[in-house]
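Notes follow once the structure below has been shown.
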Amino acid sequence: MLTAGCRIEDAGAAGSTAPPAVATARPSASASADDGKPGGGTPSPSATPSRTPSASPSPAPRTLMSVGDRSGRVRELQARLRQIGHFDRSPTGYYGTATVASVQSFQGKRGLSRTGRTDTVTWERLLAMTRKPTAKELDPPAPAPAVAKPDARCLTGRVLCISKNSRTLSWMIDGRVVSSMDVRFGSQYTPTREGTFSVYWKSRHHVSTLYDSPMPYAMFFSGGQAVHYSSDFAARGYSGASHGCVNVRDEGKIASLFDQVRNGDKVVIYW
């Protein structure tokens, strides 16, 4: 039960020219066999037509980035697309469905094949139209989540106050909000339980033995359900869901929260 955990549900060479033939002079048939003089006819060299070299076919564009990739280059791609209005969110570095749609939009506007993959032609066209992204463009600060009015059970003691309605987690001590962060929950088939619980186990580098998926900064509160960091949530947002856990997408915030929360601290999950 302790290690069950949860995971994410558901990206020719040029032709050669023949050498000219060498002409060989022969005596004219009109010359007499006994006069000793060569014939007067001048043989003309045989002409060999030349062949025009065939053009080599252009190589197909090479794919540089595609769905499922995760890298700093993908983050730069997203930032550049955002500069010209083809990407409407903060760069994540993950090439998911939103990035595919943005690349297709860019390709369609430029008369390129709408593959959704970033090939050499697409990348060079984008580089020519944009500038090198700044550090803030590559990693813009996340907006502060809209914190819901806390449930009455959150107003005393040390509490992880989690609202399903606003999809936020507020870390509260004696009614004061210390920090808050965005969260997501399980799907309709694997819902996150609601009610009042307490943290009974913390595991900084936890990996689910049931799904073999990482659950960093896990704080277990009900069976295999825990509050933990999710790289998938960070990359895909609310297009995915957990298997019941409370996912946090800001790694820095949950790392700080993990260091502050103690076993026995209250967890309240409500609408």
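We label chains A, B, ... in the order they appear in the structure tokens, count residues from 1 in each chain, and number ligands from 1 in the order shown.
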Closest atom pairs, residues of stretch 78-173 of chain A within 12 Å of stretch 237-253 of chain A, only C-alpha atoms, as CSV:
```
residue,atom,partner,partner_atom,distance
A:Arg89,CA,A:Gly237,CA,10.4
A:Ser90,CA,A:Gly237,CA,10.9
A:Pro91,CA,A:Gly237,CA,11.7
A:Thr92,CA,A:Gly237,CA,9.9
A:Tyr94,CA,A:Gly237,CA,11.1
A:Gly96,CA,A:Ser239,CA,10.3
A:Thr97,CA,A:Ser239,CA,9.5
A:Ala98,CA,A:Ser239,CA,9.9
A:Pro141,CA,A:Asp250,CA,10.7
A:Ala142,CA,A:Asp250,CA,8.6
A:Pro143,CA,A:Asp250,CA,11.2
A:Ala144,CA,A:Asp250,CA,11.2
A:Pro145,CA,A:Asp250,CA,11.3
A:Leu160,CA,A:Val246,CA,11.1
A:Cys161,CA,A:Val246,CA,11.6
A:Ile162,CA,A:Val246,CA,8.8
A:Ser163,CA,A:Val246,CA,10.6
A:Lys164,CA,A:Val246,CA,9.9
A:Arg167,CA,A:Val246,CA,9.7
A:Thr168,CA,A:Val248,CA,9.1
A:Leu169,CA,A:Val248,CA,8.5
A:Ser170,CA,A:Lys253,CA,11.1
A:Trp171,CA,A:Lys253,CA,10.5
```
Practice item. List the neighbours of A:Leu64 out to 10 Å using only C-alpha atoms; skip same-chain residues closer than 4 positions along the sequence, and give me the result as JSON, numbers by chain. Key: {"A": [69, 73, 74, 117, 118, 119, 120, 121, 122, 123]}
Dump of N, CA, C and O atoms for the selected residues, as a PDB file, in the first residue's frame:
```pdb
ATOM      1  N   ASP A  69       9.634  14.679 -27.638  1.00  0.00           N
ATOM      2  CA  ASP A  69      10.971  15.188 -27.303  1.00  0.00           C
ATOM      3  C   ASP A  69      10.882  16.142 -26.115  1.00  0.00           C
ATOM      4  O   ASP A  69       9.879  16.840 -25.929  1.00  0.00           O
ATOM      5  N   ARG A  73      16.195  22.867 -26.618  1.00  0.00           N
ATOM      6  CA  ARG A  73      15.910  23.318 -27.979  1.00  0.00           C
ATOM      7  C   ARG A  73      14.401  23.398 -28.221  1.00  0.00           C
ATOM      8  O   ARG A  73      13.917  24.284 -28.914  1.00  0.00           O
ATOM      9  N   VAL A  74      13.646  22.455 -27.647  1.00  0.00           N
ATOM     10  CA  VAL A  74      12.183  22.509 -27.747  1.00  0.00           C
ATOM     11  C   VAL A  74      11.667  23.765 -27.046  1.00  0.00           C
ATOM     12  O   VAL A  74      10.769  24.447 -27.540  1.00  0.00           O
ATOM     13  N   ARG A 117       5.953  18.282 -37.305  1.00  0.00           N
ATOM     14  CA  ARG A 117       7.338  18.035 -36.905  1.00  0.00           C
ATOM     15  C   ARG A 117       8.189  19.244 -37.295  1.00  0.00           C
ATOM     16  O   ARG A 117       7.942  19.878 -38.313  1.00  0.00           O
ATOM     17  N   THR A 118       9.201  19.527 -36.500  1.00  0.00           N
ATOM     18  CA  THR A 118      10.099  20.632 -36.819  1.00  0.00           C
ATOM     19  C   THR A 118      11.284  20.073 -37.589  1.00  0.00           C
ATOM     20  O   THR A 118      12.185  19.460 -37.008  1.00  0.00           O
ATOM     21  N   ASP A 119      11.259  20.266 -38.912  1.00  0.00           N
ATOM     22  CA  ASP A 119      12.363  19.795 -39.742  1.00  0.00           C
ATOM     23  C   ASP A 119      13.303  20.956 -40.032  1.00  0.00           C
ATOM     24  O   ASP A 119      13.112  22.080 -39.550  1.00  0.00           O
ATOM     25  N   THR A 120      14.349  20.684 -40.823  1.00  0.00           N
ATOM     26  CA  THR A 120      15.365  21.711 -41.084  1.00  0.00           C
ATOM     27  C   THR A 120      14.784  22.927 -41.801  1.00  0.00           C
ATOM     28  O   THR A 120      15.153  24.058 -41.498  1.00  0.00           O
ATOM     29  N   VAL A 121      13.846  22.709 -42.709  1.00  0.00           N
ATOM     30  CA  VAL A 121      13.255  23.828 -43.445  1.00  0.00           C
ATOM     31  C   VAL A 121      12.402  24.692 -42.514  1.00  0.00           C
ATOM     32  O   VAL A 121      12.496  25.924 -42.508  1.00  0.00           O
ATOM     33  N   THR A 122      11.569  24.045 -41.703  1.00  0.00           N
ATOM     34  CA  THR A 122      10.716  24.780 -40.758  1.00  0.00           C
ATOM     35  C   THR A 122      11.566  25.565 -39.759  1.00  0.00           C
ATOM     36  O   THR A 122      11.291  26.740 -39.468  1.00  0.00           O
ATOM     37  N   TRP A 123      12.598  24.927 -39.219  1.00  0.00           N
ATOM     38  CA  TRP A 123      13.457  25.574 -38.225  1.00  0.00           C
ATOM     39  C   TRP A 123      14.182  26.778 -38.819  1.00  0.00           C
ATOM     40  O   TRP A 123      14.247  27.853 -38.202  1.00  0.00           O
TER      41      TRP A 123
END
```
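Minimum atom-to-atom distances from A:Ser166, A:Ser105, A:Thr130, A:Gln78 to A:Met181 were compared using only C-alpha atoms, and the lowest value belongs to A:Ser166.
Our summary of the geometry notes that atom CA of A:His206 is positioned 10.5 Å from atom CA of A:Phe220.
Atom CA of A:Ser113 lies 21.7 Å from atom CA of A:Asp88.
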Check your understanding: Which neighbours of A:Arg176 fall inside 10 Å, counting only C-alpha atoms, when residues of the same chain fewer than 2 positions from it are skipped, and could you give them as a ChimeraX atom specification?
Key -> /A:150,154-159,170-174,178-179
Save the residues we just selected, N, CA, C and O atoms, as a PDB file, in the first residue's frame?
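Output file again-v7.pdb is given in full below:
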```
ATOM      1  N   PRO A 150     -10.420  29.358   1.918  1.00  0.00           N
ATOM      2  CA  PRO A 150     -10.125  28.072   2.554  1.00  0.00           C
ATOM      3  C   PRO A 150     -11.324  27.474   3.277  1.00  0.00           C
ATOM      4  O   PRO A 150     -12.173  28.187   3.808  1.00  0.00           O
ATOM      5  N   CYS A 154      -9.386  24.146   7.470  1.00  0.00           N
ATOM      6  CA  CYS A 154      -8.005  24.560   7.195  1.00  0.00           C
ATOM      7  C   CYS A 154      -7.534  25.702   8.087  1.00  0.00           C
ATOM      8  O   CYS A 154      -6.368  26.113   7.992  1.00  0.00           O
ATOM      9  N   LEU A 155      -8.393  26.235   8.916  1.00  0.00           N
ATOM     10  CA  LEU A 155      -8.090  27.480   9.628  1.00  0.00           C
ATOM     11  C   LEU A 155      -7.311  27.311  10.922  1.00  0.00           C
ATOM     12  O   LEU A 155      -6.904  28.298  11.533  1.00  0.00           O
ATOM     13  N   THR A 156      -7.093  26.084  11.338  1.00  0.00           N
ATOM     14  CA  THR A 156      -6.299  25.861  12.549  1.00  0.00           C
ATOM     15  C   THR A 156      -5.222  24.818  12.289  1.00  0.00           C
ATOM     16  O   THR A 156      -5.428  23.851  11.544  1.00  0.00           O
ATOM     17  N   GLY A 157      -4.069  25.023  12.895  1.00  0.00           N
ATOM     18  CA  GLY A 157      -2.983  24.066  12.773  1.00  0.00           C
ATOM     19  C   GLY A 157      -2.226  24.159  11.459  1.00  0.00           C
ATOM     20  O   GLY A 157      -2.313  25.147  10.722  1.00  0.00           O
ATOM     21  N   ARG A 158      -1.472  23.100  11.179  1.00  0.00           N
ATOM     22  CA  ARG A 158      -0.651  23.015   9.969  1.00  0.00           C
ATOM     23  C   ARG A 158      -1.412  22.149   8.957  1.00  0.00           C
ATOM     24  O   ARG A 158      -1.651  20.969   9.193  1.00  0.00           O
ATOM     25  N   VAL A 159      -1.773  22.763   7.809  1.00  0.00           N
ATOM     26  CA  VAL A 159      -2.716  22.097   6.907  1.00  0.00           C
ATOM     27  C   VAL A 159      -2.303  22.252   5.438  1.00  0.00           C
ATOM     28  O   VAL A 159      -1.951  23.357   4.997  1.00  0.00           O
ATOM     29  N   SER A 170      -3.014  25.146  -0.885  1.00  0.00           N
ATOM     30  CA  SER A 170      -2.494  26.212  -0.021  1.00  0.00           C
ATOM     31  C   SER A 170      -1.880  25.571   1.224  1.00  0.00           C
ATOM     32  O   SER A 170      -2.542  24.782   1.913  1.00  0.00           O
ATOM     33  N   TRP A 171      -0.638  25.902   1.487  1.00  0.00           N
ATOM     34  CA  TRP A 171       0.028  25.445   2.704  1.00  0.00           C
ATOM     35  C   TRP A 171      -0.252  26.505   3.762  1.00  0.00           C
ATOM     36  O   TRP A 171       0.167  27.658   3.638  1.00  0.00           O
ATOM     37  N   MET A 172      -1.018  26.112   4.804  1.00  0.00           N
ATOM     38  CA  MET A 172      -1.499  27.060   5.791  1.00  0.00           C
ATOM     39  C   MET A 172      -1.031  26.687   7.195  1.00  0.00           C
ATOM     40  O   MET A 172      -0.990  25.503   7.543  1.00  0.00           O
ATOM     41  N   ILE A 173      -0.683  27.704   7.956  1.00  0.00           N
ATOM     42  CA  ILE A 173      -0.322  27.520   9.369  1.00  0.00           C
ATOM     43  C   ILE A 173      -1.139  28.504  10.196  1.00  0.00           C
ATOM     44  O   ILE A 173      -1.037  29.725  10.008  1.00  0.00           O
ATOM     45  N   ASP A 174      -2.015  27.948  11.038  1.00  0.00           N
ATOM     46  CA  ASP A 174      -2.882  28.753  11.906  1.00  0.00           C
ATOM     47  C   ASP A 174      -3.680  29.793  11.114  1.00  0.00           C
ATOM     48  O   ASP A 174      -3.766  30.971  11.488  1.00  0.00           O
ATOM     49  N   VAL A 178       0.896  30.286   3.710  1.00  0.00           N
ATOM     50  CA  VAL A 178       2.349  30.416   3.592  1.00  0.00           C
ATOM     51  C   VAL A 178       2.773  30.364   2.130  1.00  0.00           C
ATOM     52  O   VAL A 178       3.630  31.137   1.678  1.00  0.00           O
ATOM     53  N   SER A 179       2.191  29.446   1.386  1.00  0.00           N
ATOM     54  CA  SER A 179       2.476  29.330  -0.043  1.00  0.00           C
ATOM     55  C   SER A 179       1.298  28.657  -0.723  1.00  0.00           C
ATOM     56  O   SER A 179       0.478  27.992  -0.074  1.00  0.00           O
TER      57      SER A 179
END
```
Tell me, which residues of stretch 87-227 of chain A carry DSSP alpha helix (DSSP H), written as a PDB file with N, CA and C atoms, in the first residue's frame?
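Below is the file out-v7.pdb, written as the result:
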```pdb
ATOM      1  N   THR A  97       1.153  17.823 -27.667  1.00  0.00           N
ATOM      2  CA  THR A  97       0.140  18.088 -28.687  1.00  0.00           C
ATOM      3  C   THR A  97      -0.026  19.584 -28.963  1.00  0.00           C
ATOM      4  N   ALA A  98       0.141  20.417 -27.923  1.00  0.00           N
ATOM      5  CA  ALA A  98       0.018  21.862 -28.126  1.00  0.00           C
ATOM      6  C   ALA A  98       1.132  22.378 -29.038  1.00  0.00           C
ATOM      7  N   THR A  99       2.336  21.839 -28.881  1.00  0.00           N
ATOM      8  CA  THR A  99       3.456  22.256 -29.732  1.00  0.00           C
ATOM      9  C   THR A  99       3.256  21.770 -31.161  1.00  0.00           C
ATOM     10  N   VAL A 100       2.758  20.547 -31.314  1.00  0.00           N
ATOM     11  CA  VAL A 100       2.461  20.028 -32.657  1.00  0.00           C
ATOM     12  C   VAL A 100       1.488  20.956 -33.374  1.00  0.00           C
ATOM     13  N   ALA A 101       0.400  21.358 -32.691  1.00  0.00           N
ATOM     14  CA  ALA A 101      -0.596  22.244 -33.302  1.00  0.00           C
ATOM     15  C   ALA A 101       0.012  23.602 -33.649  1.00  0.00           C
ATOM     16  N   SER A 102       0.894  24.109 -32.806  1.00  0.00           N
ATOM     17  CA  SER A 102       1.527  25.402 -33.065  1.00  0.00           C
ATOM     18  C   SER A 102       2.453  25.336 -34.273  1.00  0.00           C
ATOM     19  N   VAL A 103       3.219  24.248 -34.382  1.00  0.00           N
ATOM     20  CA  VAL A 103       4.112  24.076 -35.530  1.00  0.00           C
ATOM     21  C   VAL A 103       3.299  23.926 -36.809  1.00  0.00           C
ATOM     22  N   GLN A 104       2.197  23.187 -36.753  1.00  0.00           N
ATOM     23  CA  GLN A 104       1.328  23.040 -37.925  1.00  0.00           C
ATOM     24  C   GLN A 104       0.771  24.388 -38.363  1.00  0.00           C
ATOM     25  N   SER A 105       0.391  25.213 -37.387  1.00  0.00           N
ATOM     26  CA  SER A 105      -0.117  26.549 -37.703  1.00  0.00           C
ATOM     27  C   SER A 105       0.954  27.378 -38.406  1.00  0.00           C
ATOM     28  N   PHE A 106       2.166  27.346 -37.881  1.00  0.00           N
ATOM     29  CA  PHE A 106       3.275  28.087 -38.491  1.00  0.00           C
ATOM     30  C   PHE A 106       3.559  27.578 -39.901  1.00  0.00           C
ATOM     31  N   GLN A 107       3.613  26.251 -40.058  1.00  0.00           N
ATOM     32  CA  GLN A 107       3.898  25.669 -41.373  1.00  0.00           C
ATOM     33  C   GLN A 107       2.826  26.038 -42.395  1.00  0.00           C
ATOM     34  N   GLY A 108       1.558  25.990 -41.977  1.00  0.00           N
ATOM     35  CA  GLY A 108       0.475  26.312 -42.897  1.00  0.00           C
ATOM     36  C   GLY A 108       0.529  27.748 -43.381  1.00  0.00           C
ATOM     37  N   LYS A 109       0.892  28.681 -42.496  1.00  0.00           N
ATOM     38  CA  LYS A 109       0.973  30.095 -42.860  1.00  0.00           C
ATOM     39  C   LYS A 109       2.108  30.364 -43.843  1.00  0.00           C
ATOM     40  N   THR A 120      14.349  20.684 -40.823  1.00  0.00           N
ATOM     41  CA  THR A 120      15.365  21.711 -41.084  1.00  0.00           C
ATOM     42  C   THR A 120      14.784  22.927 -41.801  1.00  0.00           C
ATOM     43  N   VAL A 121      13.846  22.709 -42.709  1.00  0.00           N
ATOM     44  CA  VAL A 121      13.255  23.828 -43.445  1.00  0.00           C
ATOM     45  C   VAL A 121      12.402  24.692 -42.514  1.00  0.00           C
ATOM     46  N   THR A 122      11.569  24.045 -41.703  1.00  0.00           N
ATOM     47  CA  THR A 122      10.716  24.780 -40.758  1.00  0.00           C
ATOM     48  C   THR A 122      11.566  25.565 -39.759  1.00  0.00           C
ATOM     49  N   TRP A 123      12.598  24.927 -39.219  1.00  0.00           N
ATOM     50  CA  TRP A 123      13.457  25.574 -38.225  1.00  0.00           C
ATOM     51  C   TRP A 123      14.182  26.778 -38.819  1.00  0.00           C
ATOM     52  N   GLU A 124      14.734  26.640 -40.024  1.00  0.00           N
ATOM     53  CA  GLU A 124      15.456  27.754 -40.646  1.00  0.00           C
ATOM     54  C   GLU A 124      14.518  28.917 -40.944  1.00  0.00           C
ATOM     55  N   ARG A 125      13.286  28.611 -41.371  1.00  0.00           N
ATOM     56  CA  ARG A 125      12.317  29.675 -41.637  1.00  0.00           C
ATOM     57  C   ARG A 125      11.962  30.412 -40.339  1.00  0.00           C
ATOM     58  N   LEU A 126      11.794  29.654 -39.254  1.00  0.00           N
ATOM     59  CA  LEU A 126      11.466  30.256 -37.962  1.00  0.00           C
ATOM     60  C   LEU A 126      12.617  31.107 -37.442  1.00  0.00           C
ATOM     61  N   LEU A 127      13.855  30.621 -37.580  1.00  0.00           N
ATOM     62  CA  LEU A 127      15.021  31.390 -37.138  1.00  0.00           C
ATOM     63  C   LEU A 127      15.111  32.723 -37.870  1.00  0.00           C
ATOM     64  N   ALA A 128      14.767  32.714 -39.161  1.00  0.00           N
ATOM     65  CA  ALA A 128      14.865  33.933 -39.959  1.00  0.00           C
ATOM     66  C   ALA A 128      13.811  34.964 -39.559  1.00  0.00           C
ATOM     67  N   MET A 129      12.712  34.508 -38.952  1.00  0.00           N
ATOM     68  CA  MET A 129      11.613  35.411 -38.624  1.00  0.00           C
ATOM     69  C   MET A 129      11.621  35.869 -37.172  1.00  0.00           C
ATOM     70  N   ALA A 135      16.115  35.118 -21.420  1.00  0.00           N
ATOM     71  CA  ALA A 135      15.940  34.149 -20.334  1.00  0.00           C
ATOM     72  C   ALA A 135      14.502  34.166 -19.818  1.00  0.00           C
ATOM     73  N   LYS A 136      13.891  35.351 -19.752  1.00  0.00           N
ATOM     74  CA  LYS A 136      12.506  35.441 -19.280  1.00  0.00           C
ATOM     75  C   LYS A 136      11.533  34.831 -20.276  1.00  0.00           C
ATOM     76  N   GLU A 137      11.847  34.943 -21.561  1.00  0.00           N
ATOM     77  CA  GLU A 137      10.982  34.328 -22.569  1.00  0.00           C
ATOM     78  C   GLU A 137      11.088  32.813 -22.526  1.00  0.00           C
ATOM     79  N   LEU A 138      12.267  32.306 -22.235  1.00  0.00           N
ATOM     80  CA  LEU A 138      12.449  30.860 -22.165  1.00  0.00           C
ATOM     81  C   LEU A 138      11.834  30.275 -20.900  1.00  0.00           C
TER      82      LEU A 138
END
```
Report as an mmCIF file with N, CA and C atoms, in the first residue's frame: the residues of stretch 106-253 of chain A with a DSSP assignment of strand (DSSP E), based on the backbone of this structure.
```cif
data_model
loop_
_atom_site.group_PDB
_atom_site.id
_atom_site.type_symbol
_atom_site.label_atom_id
_atom_site.label_comp_id
_atom_site.auth_asym_id
_atom_site.auth_seq_id
_atom_site.Cartn_x
_atom_site.Cartn_y
_atom_site.Cartn_z
ATOM 1 N N THR A 118 9.201 19.527 -36.500
ATOM 2 C CA THR A 118 10.099 20.632 -36.819
ATOM 3 C C THR A 118 11.284 20.073 -37.589
ATOM 4 N N ASP A 119 11.259 20.266 -38.912
ATOM 5 C CA ASP A 119 12.363 19.795 -39.742
ATOM 6 C C ASP A 119 13.303 20.956 -40.032
ATOM 7 N N ARG A 158 -1.472 23.100 11.179
ATOM 8 C CA ARG A 158 -0.651 23.015 9.969
ATOM 9 C C ARG A 158 -1.412 22.149 8.957
ATOM 10 N N VAL A 159 -1.773 22.763 7.809
ATOM 11 C CA VAL A 159 -2.716 22.097 6.907
ATOM 12 C C VAL A 159 -2.303 22.252 5.438
ATOM 13 N N LEU A 160 -2.357 21.128 4.692
ATOM 14 C CA LEU A 160 -2.331 21.170 3.237
ATOM 15 C C LEU A 160 -3.786 21.306 2.813
ATOM 16 N N CYS A 161 -4.187 22.509 2.444
ATOM 17 C CA CYS A 161 -5.583 22.832 2.135
ATOM 18 C C CYS A 161 -5.751 22.795 0.618
ATOM 19 N N ILE A 162 -6.470 21.769 0.113
ATOM 20 C CA ILE A 162 -6.500 21.488 -1.320
ATOM 21 C C ILE A 162 -7.924 21.630 -1.859
ATOM 22 N N SER A 163 -8.117 22.586 -2.771
ATOM 23 C CA SER A 163 -9.434 22.855 -3.344
ATOM 24 C C SER A 163 -9.533 22.251 -4.743
ATOM 25 N N THR A 168 -6.145 24.314 -6.542
ATOM 26 C CA THR A 168 -4.993 24.901 -5.856
ATOM 27 C C THR A 168 -4.723 24.163 -4.555
ATOM 28 N N LEU A 169 -3.467 24.213 -4.150
ATOM 29 C CA LEU A 169 -3.048 23.722 -2.837
ATOM 30 C C LEU A 169 -2.492 24.914 -2.072
ATOM 31 N N SER A 170 -3.014 25.146 -0.885
ATOM 32 C CA SER A 170 -2.494 26.212 -0.021
ATOM 33 C C SER A 170 -1.880 25.571 1.224
ATOM 34 N N TRP A 171 -0.638 25.902 1.487
ATOM 35 C CA TRP A 171 0.028 25.445 2.704
ATOM 36 C C TRP A 171 -0.252 26.505 3.762
ATOM 37 N N MET A 172 -1.018 26.112 4.804
ATOM 38 C CA MET A 172 -1.499 27.060 5.791
ATOM 39 C C MET A 172 -1.031 26.687 7.195
ATOM 40 N N ILE A 173 -0.683 27.704 7.956
ATOM 41 C CA ILE A 173 -0.322 27.520 9.369
ATOM 42 C C ILE A 173 -1.139 28.504 10.196
ATOM 43 N N ARG A 176 -3.071 31.148 8.225
ATOM 44 C CA ARG A 176 -2.309 32.023 7.322
ATOM 45 C C ARG A 176 -1.752 31.217 6.154
ATOM 46 N N VAL A 177 -1.919 31.733 4.933
ATOM 47 C CA VAL A 177 -1.406 31.064 3.743
ATOM 48 C C VAL A 177 0.089 31.346 3.615
ATOM 49 N N VAL A 178 0.896 30.286 3.710
ATOM 50 C CA VAL A 178 2.349 30.416 3.592
ATOM 51 C C VAL A 178 2.773 30.364 2.130
ATOM 52 N N SER A 179 2.191 29.446 1.386
ATOM 53 C CA SER A 179 2.476 29.330 -0.043
ATOM 54 C C SER A 179 1.298 28.657 -0.723
ATOM 55 N N SER A 180 1.193 28.827 -2.038
ATOM 56 C CA SER A 180 0.111 28.195 -2.793
ATOM 57 C C SER A 180 0.651 27.760 -4.151
ATOM 58 N N MET A 181 0.007 26.769 -4.749
ATOM 59 C CA MET A 181 0.475 26.219 -6.030
ATOM 60 C C MET A 181 -0.663 25.533 -6.763
ATOM 61 N N ASP A 182 -0.517 25.446 -8.097
ATOM 62 C CA ASP A 182 -1.504 24.749 -8.918
ATOM 63 C C ASP A 182 -1.398 23.243 -8.699
ATOM 64 N N VAL A 183 -2.541 22.558 -8.762
ATOM 65 C CA VAL A 183 -2.559 21.105 -8.640
ATOM 66 C C VAL A 183 -3.571 20.523 -9.625
ATOM 67 N N ARG A 184 -3.429 19.240 -9.906
ATOM 68 C CA ARG A 184 -4.454 18.513 -10.657
ATOM 69 C C ARG A 184 -4.707 17.182 -9.952
ATOM 70 N N GLY A 195 -11.886 14.684 1.790
ATOM 71 C CA GLY A 195 -12.055 14.531 3.223
ATOM 72 C C GLY A 195 -10.869 15.084 3.993
ATOM 73 N N THR A 196 -10.766 14.685 5.244
ATOM 74 C CA THR A 196 -9.673 15.125 6.114
ATOM 75 C C THR A 196 -8.741 13.945 6.383
ATOM 76 N N PHE A 197 -7.464 14.147 6.107
ATOM 77 C CA PHE A 197 -6.454 13.100 6.253
ATOM 78 C C PHE A 197 -5.261 13.690 6.998
ATOM 79 N N SER A 198 -4.196 12.912 7.088
ATOM 80 C CA SER A 198 -2.945 13.433 7.637
ATOM 81 C C SER A 198 -1.782 12.783 6.897
ATOM 82 N N TRP A 201 3.558 9.531 5.628
ATOM 83 C CA TRP A 201 4.860 9.086 5.131
ATOM 84 C C TRP A 201 5.335 10.041 4.054
ATOM 85 N N LYS A 202 6.625 10.384 4.114
ATOM 86 C CA LYS A 202 7.239 11.238 3.106
ATOM 87 C C LYS A 202 8.357 10.462 2.404
ATOM 88 N N SER A 203 8.468 10.643 1.088
ATOM 89 C CA SER A 203 9.498 9.950 0.311
ATOM 90 C C SER A 203 9.987 10.887 -0.789
ATOM 91 N N ARG A 204 11.196 11.428 -0.586
ATOM 92 C CA ARG A 204 11.699 12.469 -1.483
ATOM 93 C C ARG A 204 11.908 11.972 -2.917
ATOM 94 N N HIS A 205 12.453 10.766 -3.089
ATOM 95 C CA HIS A 205 12.764 10.251 -4.432
ATOM 96 C C HIS A 205 11.909 9.019 -4.738
ATOM 97 N N HIS A 206 10.639 9.106 -4.421
ATOM 98 C CA HIS A 206 9.768 7.935 -4.539
ATOM 99 C C HIS A 206 9.522 7.554 -6.002
ATOM 100 N N VAL A 207 9.461 6.242 -6.246
ATOM 101 C CA VAL A 207 9.073 5.691 -7.551
ATOM 102 C C VAL A 207 7.969 4.674 -7.289
ATOM 103 N N PRO A 214 8.020 7.876 -11.661
ATOM 104 C CA PRO A 214 8.591 8.692 -10.582
ATOM 105 C C PRO A 214 7.537 9.552 -9.898
ATOM 106 N N MET A 215 7.653 9.690 -8.582
ATOM 107 C CA MET A 215 6.764 10.522 -7.768
ATOM 108 C C MET A 215 7.618 11.350 -6.802
ATOM 109 N N PRO A 216 8.430 12.282 -7.308
ATOM 110 C CA PRO A 216 9.326 13.035 -6.422
ATOM 111 C C PRO A 216 8.560 13.850 -5.377
ATOM 112 N N TYR A 217 9.173 14.004 -4.208
ATOM 113 C CA TYR A 217 8.620 14.801 -3.108
ATOM 114 C C TYR A 217 7.227 14.295 -2.705
ATOM 115 N N ALA A 218 7.083 12.972 -2.632
ATOM 116 C CA ALA A 218 5.783 12.384 -2.308
ATOM 117 C C ALA A 218 5.473 12.520 -0.824
ATOM 118 N N MET A 219 4.241 12.974 -0.541
ATOM 119 C CA MET A 219 3.730 13.069 0.827
ATOM 120 C C MET A 219 2.415 12.303 0.865
ATOM 121 N N PHE A 220 2.470 11.069 1.376
ATOM 122 C CA PHE A 220 1.312 10.180 1.343
ATOM 123 C C PHE A 220 0.321 10.549 2.445
ATOM 124 N N PHE A 221 -0.986 10.558 2.061
ATOM 125 C CA PHE A 221 -2.024 10.934 3.016
ATOM 126 C C PHE A 221 -3.176 9.932 3.078
ATOM 127 N N SER A 222 -3.344 9.073 2.047
ATOM 128 C CA SER A 222 -4.463 8.119 2.057
ATOM 129 C C SER A 222 -4.103 6.926 1.175
ATOM 130 N N GLN A 225 -2.352 7.246 -2.285
ATOM 131 C CA GLN A 225 -2.504 8.607 -2.799
ATOM 132 C C GLN A 225 -1.594 9.568 -2.043
ATOM 133 N N ALA A 226 -0.946 10.441 -2.828
ATOM 134 C CA ALA A 226 0.034 11.356 -2.247
ATOM 135 C C ALA A 226 0.010 12.679 -2.992
ATOM 136 N N VAL A 227 0.513 13.696 -2.351
ATOM 137 C CA VAL A 227 0.836 14.953 -3.026
ATOM 138 C C VAL A 227 2.266 14.798 -3.530
ATOM 139 N N HIS A 228 2.511 15.053 -4.828
ATOM 140 C CA HIS A 228 3.884 14.914 -5.340
ATOM 141 C C HIS A 228 4.067 15.735 -6.617
ATOM 142 N N TYR A 229 5.311 15.949 -6.976
ATOM 143 C CA TYR A 229 5.641 16.669 -8.211
ATOM 144 C C TYR A 229 5.359 15.779 -9.412
ATOM 145 N N VAL A 246 -2.430 13.874 -5.939
ATOM 146 C CA VAL A 246 -2.507 15.311 -6.146
ATOM 147 C C VAL A 246 -1.190 15.736 -6.773
ATOM 148 N N ASN A 247 -1.224 16.093 -8.060
ATOM 149 C CA ASN A 247 -0.023 16.473 -8.797
ATOM 150 C C ASN A 247 0.275 17.961 -8.632
ATOM 151 N N VAL A 248 1.543 18.301 -8.461
ATOM 152 C CA VAL A 248 2.010 19.693 -8.420
ATOM 153 C C VAL A 248 2.975 19.878 -9.581
#
```
Review point. Which is closest to A:Pro133 among A:Pro191, A:Gly111, A:Gly72, A:Gly186, if we use only C-alpha atoms?
Key: A:Gly72
